[in-house]
Amino acid sequence: MEAEKPPWRVLEFYSGIGGMRYSLEQTGFPCEIVEAFDINDCANDVYQHNFGHRPFQGNIQSISSDELDRYGANAWLMSPPCQPYTRQGLQRHSADARASSFIKIIELIPHLKQPPSILFVENVVGFEKSDTHEHLIEILTKAGFTLQEFILSPVQFGVPYSRPRYFCLAKRRPLCFQNSSIDGQLLTSPSTFLNKNSSVLATDGSFEFCQSLGNFLQAGVDGTGGVFAVPHHLIERWGPAMDVVFPSSKRCCCFTKSYYRYVKGTGSLLATLQPSDQDEPALRDLGLRYFTPKEVANLHSFPEDFDFPAHVSLRQRYALLGNSLSIAVVSPLLQYLFSDPL
Ligand SMILES: C[S@@+](CC[C@H](N)C(=O)[O-])C[C@H]1O[C@@H](n2cnc3c(N)ncnc32)[C@H](O)[C@@H]1O
């Protein structure tokens, strides 16, 4: 009889509010998060509140190879800062100080007595064109990893939410992927990695296959007053640049960490009142409001019981969620990554 495999020992770098951990838990694989790492106090408060464990609060840049070896981990999950690679940023790539800790940690891989057997990296679209990406691929290839890369968005998994992200999946030989015919490729369709028996609903990315936003909304949130209503002076100033959606809509834009601080390009706004018969109803008559943090968490497919500690402000909640990830996308990718070939 085949001996039962021991649980994967996982390190979660840049753990934030734990989107990666939730994604892994959802796969049902036997895994132990040996340690999580994040420098942000507030993110760690939220992580501790939900998982009962406080991540190691320090700079990932200062972790040594000896320390890493002592964890005895065989899988690394990483969602490093994306500012060096975003279109809105200066795109300084590896020259941006915020890229340093990631570069430092991946450069330790060849020096480890026990390098990871599995590695997963999440970042913004644009990362795949950076010199950091080139460096990552070079290090992993030399260290004996096989790679598959993806750009995927929640909309391809039935969630009415556009948040395309880059993912690198890596397995160190002799481990290999279920579908080895796509080794070394960058792919944009979930059908390339989901096996035929998967219960995950995956599409080509057309919004028509998505659920309505109404399924992700909290009941009774006021759009005509209160903290979530969009003030009229912002509608006057920024109206033409606003992305307005309705509960019946099957799409919305990516929520960034600046949502609620700025209205332009940071995420969609919800119309809570039905337009009258007018052809072009005035935006100020639509009861425009921000999506609540709970609704953003729902669109990121966070579990129902995910919650913030009371002291975390509204702005902090949006900032932390804007930095996080879509569990609807990451969980099937991890399922695939941790699976043995059939
Ligand atoms: C893109 S977010 C990852 C969010 C996470 N995946 C989640 O679900 O919330 C990047 C995270 O890295 C943390 N971070 C950035 N630079 C760091 C460093 N040098 N050392 C430790 N953590 C760092 C930030 O505080 C932030 O929480």
# chains A, B, ... in the order shown; residues from 1 in each chain; ligands from 1

$ residues_near_ligand --ligand "ligand 1" --cutoff "8 Å" --atoms "only C-alpha atoms and all ligand atoms" --output "PyMOL selection string"
chain A and resi 13-21+37-41+43+57-61+78-82+98-102+122-123+320-321+323-325

$ residues_around --residues "region 303-311 of chain A" --least-positions-apart "2" --cutoff "8 Å" --atoms "only C-alpha atoms" --output "list in words"
Tyr22, Asp45, Val46, His49, Asn50, Asn298, Ser301, Ser313 and Arg317 of chain A

$ residues_around --residues "Leu342 (chain A)" --least-positions-apart "4" --cutoff "10 Å" --atoms "only C-alpha atoms" --output "list of chain:residue names"
A:Phe177, A:Gln178, A:Asn179, A:Asn195

$ residues_around --residues "Val155 (chain A)" --least-positions-apart "4" --cutoff "9 Å" --atoms "only C-alpha atoms" --output "ChimeraX atom specification"
/A:159-164,202-207,209-210,251

$ select_by_dssp --residues "region 233-296 of chain A" --states "strand (DSSP E or B)" --output "ChimeraX atom specification"
/A:244-245,259,262,269-271,288-290

$ closest_residue --among "A:Thr266, A:Gln274, A:Gln91, A:Ser249" --to "Leu213 (chain A)" --atoms "only C-alpha atoms"
A:Ser249

$ closest_residue --among "A:Trp76, A:Pro110, A:Ser198, A:Phe150" --to "Glu128 (chain A)" --atoms "only C-alpha atoms"
A:Phe150
